[in-house]
Amino acid sequence: MKATRPKSNFVPCPEGTWPGVCIDVVDKGMVPTGYGPKHKVQFRFLADAEPRRADRKPYFVSKKVNLSMGKKSNLRPMLELWRGKKFATEDEAYEFELDTVIGAPCQLQVSHESGDDGPYAIVQAVFKAIPGVARVAMPTDYTREKDRPGYVAPEVPEEEDFAPAADFDTFQATEEDLPF
C-alpha cells in the first residue's frame, strides 16, 4: 500500500512586490513554538499580483508574528516599515491598536516556500504604500474572523500567569549539559 499525494489546484500568489490591503488582524492565542508557547497574531492581506488569478480577484496572503512590540520583535519593525516611520516612544508602540491597520494600503514582499502540497506564498515584508500606485480595494463581502458565527476568542493567560522557564541566576552548566 502506498500513500498518494493529494492533488491541488491551488495557485499561490506570485513572488514579488505587490500592492496590497490589510483585510483582517486575527488573534491566534497561545501557539506552541520551539521556544515555548507564544502569543501570535495573524495579519491577512489581499495582494494585487501579476499574473492575475483566473477569476481576476486579488490573492489572499498572510503573515503570522508574535504579539510583541519589543524593538527586536518582528511585529514592531513590520509596523514601522508599513507606517513609514518609527514609533516615537515606547508608550506609543505599546499603545498602538493593531485593528487600525485594517483597510490600510501597503506594499507586500511575497516569496514562496515548499510544503507537502506544493509551493505556498508567505509575506516576507510589509512596506508603506507607494504614492500614485493604484490601491487594492477593501472587499465588501469579507467578514472578519472575529465577527463570524461560531467564533470563539482564544484564551490568553494574563502576564502574571507566565513563569520563567528556569532560574538562570542559580543554573550552572556542566560539560554534560553542552550539546557539542
# chains A, B, ... in the order shown; residues from 1 in each chain; ligands from 1

$ residues_around --residues "stretch 42-55 of chain A" --least-positions-apart "4" --cutoff "7 Å" --atoms "only C-alpha atoms" --output "PyMOL selection string"
chain A and resi 13-14+18-28+59-65+136

$ write_last_selection --atoms "N, CA and C atoms" --output "PDB file, in the first residue's frame"
ATOM      1  N   CYS A  13      -0.032  33.146  -4.516  1.00  0.00           N
ATOM      2  CA  CYS A  13       0.300  34.483  -5.003  1.00  0.00           C
ATOM      3  C   CYS A  13       1.705  34.447  -5.595  1.00  0.00           C
ATOM      4  N   PRO A  14       1.911  35.031  -6.764  1.00  0.00           N
ATOM      5  CA  PRO A  14       3.246  35.041  -7.352  1.00  0.00           C
ATOM      6  C   PRO A  14       4.256  35.778  -6.465  1.00  0.00           C
ATOM      7  N   TRP A  18       4.026  43.558  -4.371  1.00  0.00           N
ATOM      8  CA  TRP A  18       2.701  43.846  -4.906  1.00  0.00           C
ATOM      9  C   TRP A  18       1.939  44.822  -4.019  1.00  0.00           C
ATOM     10  N   PRO A  19       1.080  45.651  -4.631  1.00  0.00           N
ATOM     11  CA  PRO A  19       0.186  46.476  -3.821  1.00  0.00           C
ATOM     12  C   PRO A  19      -0.764  45.566  -3.050  1.00  0.00           C
ATOM     13  N   GLY A  20      -1.078  45.977  -1.827  1.00  0.00           N
ATOM     14  CA  GLY A  20      -1.974  45.165  -1.019  1.00  0.00           C
ATOM     15  C   GLY A  20      -2.809  46.008  -0.076  1.00  0.00           C
ATOM     16  N   VAL A  21      -3.704  45.334   0.633  1.00  0.00           N
ATOM     17  CA  VAL A  21      -4.523  45.970   1.662  1.00  0.00           C
ATOM     18  C   VAL A  21      -4.704  44.948   2.775  1.00  0.00           C
ATOM     19  N   CYS A  22      -4.668  45.411   4.011  1.00  0.00           N
ATOM     20  CA  CYS A  22      -4.905  44.538   5.161  1.00  0.00           C
ATOM     21  C   CYS A  22      -6.412  44.372   5.333  1.00  0.00           C
ATOM     22  N   ILE A  23      -6.881  43.123   5.361  1.00  0.00           N
ATOM     23  CA  ILE A  23      -8.316  42.881   5.491  1.00  0.00           C
ATOM     24  C   ILE A  23      -8.704  42.347   6.869  1.00  0.00           C
ATOM     25  N   ASP A  24      -7.719  41.898   7.662  1.00  0.00           N
ATOM     26  CA  ASP A  24      -8.054  41.380   8.987  1.00  0.00           C
ATOM     27  C   ASP A  24      -6.793  41.256   9.837  1.00  0.00           C
ATOM     28  N   VAL A  25      -6.986  41.341  11.138  1.00  0.00           N
ATOM     29  CA  VAL A  25      -5.953  41.051  12.128  1.00  0.00           C
ATOM     30  C   VAL A  25      -6.599  40.059  13.082  1.00  0.00           C
ATOM     31  N   VAL A  26      -6.006  38.865  13.183  1.00  0.00           N
ATOM     32  CA  VAL A  26      -6.628  37.771  13.923  1.00  0.00           C
ATOM     33  C   VAL A  26      -5.743  37.357  15.093  1.00  0.00           C
ATOM     34  N   ASP A  27      -6.312  37.370  16.290  1.00  0.00           N
ATOM     35  CA  ASP A  27      -5.620  36.886  17.484  1.00  0.00           C
ATOM     36  C   ASP A  27      -5.624  35.368  17.436  1.00  0.00           C
ATOM     37  N   LYS A  28      -4.457  34.752  17.314  1.00  0.00           N
ATOM     38  CA  LYS A  28      -4.348  33.301  17.247  1.00  0.00           C
ATOM     39  C   LYS A  28      -4.143  32.670  18.623  1.00  0.00           C
ATOM     40  N   TYR A  59      -5.055  38.078  -4.706  1.00  0.00           N
ATOM     41  CA  TYR A  59      -4.623  36.902  -3.958  1.00  0.00           C
ATOM     42  C   TYR A  59      -4.734  37.164  -2.455  1.00  0.00           C
ATOM     43  N   PHE A  60      -4.987  36.107  -1.696  1.00  0.00           N
ATOM     44  CA  PHE A  60      -5.010  36.173  -0.241  1.00  0.00           C
ATOM     45  C   PHE A  60      -3.653  35.699   0.278  1.00  0.00           C
ATOM     46  N   VAL A  61      -3.013  36.504   1.125  1.00  0.00           N
ATOM     47  CA  VAL A  61      -1.743  36.136   1.765  1.00  0.00           C
ATOM     48  C   VAL A  61      -1.808  36.570   3.222  1.00  0.00           C
ATOM     49  N   SER A  62      -0.954  35.994   4.040  1.00  0.00           N
ATOM     50  CA  SER A  62      -0.972  36.356   5.451  1.00  0.00           C
ATOM     51  C   SER A  62       0.423  36.313   6.043  1.00  0.00           C
ATOM     52  N   LYS A  63       0.537  36.925   7.209  1.00  0.00           N
ATOM     53  CA  LYS A  63       1.798  36.919   7.960  1.00  0.00           C
ATOM     54  C   LYS A  63       1.459  36.755   9.426  1.00  0.00           C
ATOM     55  N   LYS A  64       2.077  35.757  10.067  1.00  0.00           N
ATOM     56  CA  LYS A  64       1.857  35.496  11.487  1.00  0.00           C
ATOM     57  C   LYS A  64       3.118  35.889  12.248  1.00  0.00           C
ATOM     58  N   VAL A  65       2.922  36.660  13.323  1.00  0.00           N
ATOM     59  CA  VAL A  65       4.046  37.115  14.145  1.00  0.00           C
ATOM     60  C   VAL A  65       3.673  37.006  15.622  1.00  0.00           C
ATOM     61  N   VAL A 136      -5.480  48.666  -3.651  1.00  0.00           N
ATOM     62  CA  VAL A 136      -6.309  47.467  -3.658  1.00  0.00           C
ATOM     63  C   VAL A 136      -7.547  47.785  -2.829  1.00  0.00           C
TER      64      VAL A 136
END

$ select_by_dssp --residues "chain A" --states "alpha helix (DSSP H)" --output "PyMOL selection string"
chain A and resi 75-83+90-94

$ closest_residue --among "A:Pro131, A:Pro139, A:Phe96, A:Ala88" --to "A:Ser68" --atoms "only C-alpha atoms"
A:Phe96

$ residues_around --residues "A:Gly16" --least-positions-apart "5" --cutoff "7 Å" --atoms "only C-alpha atoms" --output "list in words"
Gln109, Val110 and Ser111 of chain A

$ write_last_selection --atoms "C-alpha atoms" --output "CSV table (one decimal), in the first residue's frame"
chain,number,residue,atom,x,y,z
A,109,GLN,CA,7.0,41.4,-0.5
A,110,VAL,CA,5.9,37.9,-1.3
A,111,SER,CA,8.1,34.8,-1.6

$ closest_residue --among "A:Tyr142, A:Tyr151, A:Phe127, A:Tyr120" --to "A:Phe10" --atoms "only C-alpha atoms"
A:Tyr120

$ closest_residue --among "A:Leu75, A:Glu158, A:Thr17, A:Ala134" --to "A:Ile122" --atoms "only C-alpha atoms"
A:Thr17

$ select_by_dssp --residues "stretch 12-130 of chain A" --states "strand (DSSP E)" --output "PyMOL selection string"
chain A and resi 16-31+38-47+59-66+105-115+118-128

$ decode --residues "stretch 88-104 of chain A" --atoms "C-alpha atoms" --output "CSV table (one decimal), in the first residue's frame"
chain,number,residue,atom,x,y,z
A,88,ALA,CA,8.4,57.9,18.7
A,89,THR,CA,8.2,56.4,22.2
A,90,GLU,CA,7.9,53.0,23.9
A,91,ASP,CA,4.4,54.1,25.1
A,92,GLU,CA,3.3,54.9,21.5
A,93,ALA,CA,4.5,51.4,20.4
A,94,TYR,CA,2.8,49.5,23.2
A,95,GLU,CA,-0.4,51.5,22.9
A,96,PHE,CA,-0.7,51.0,19.2
A,97,GLU,CA,-4.1,49.4,18.3
A,98,LEU,CA,-3.5,46.7,15.7
A,99,ASP,CA,-7.0,46.9,14.3
A,100,THR,CA,-6.2,50.4,12.9
A,101,VAL,CA,-4.3,48.8,10.1
A,102,ILE,CA,-7.4,47.1,8.7
A,103,GLY,CA,-8.1,48.8,5.4
A,104,ALA,CA,-4.6,50.3,5.3
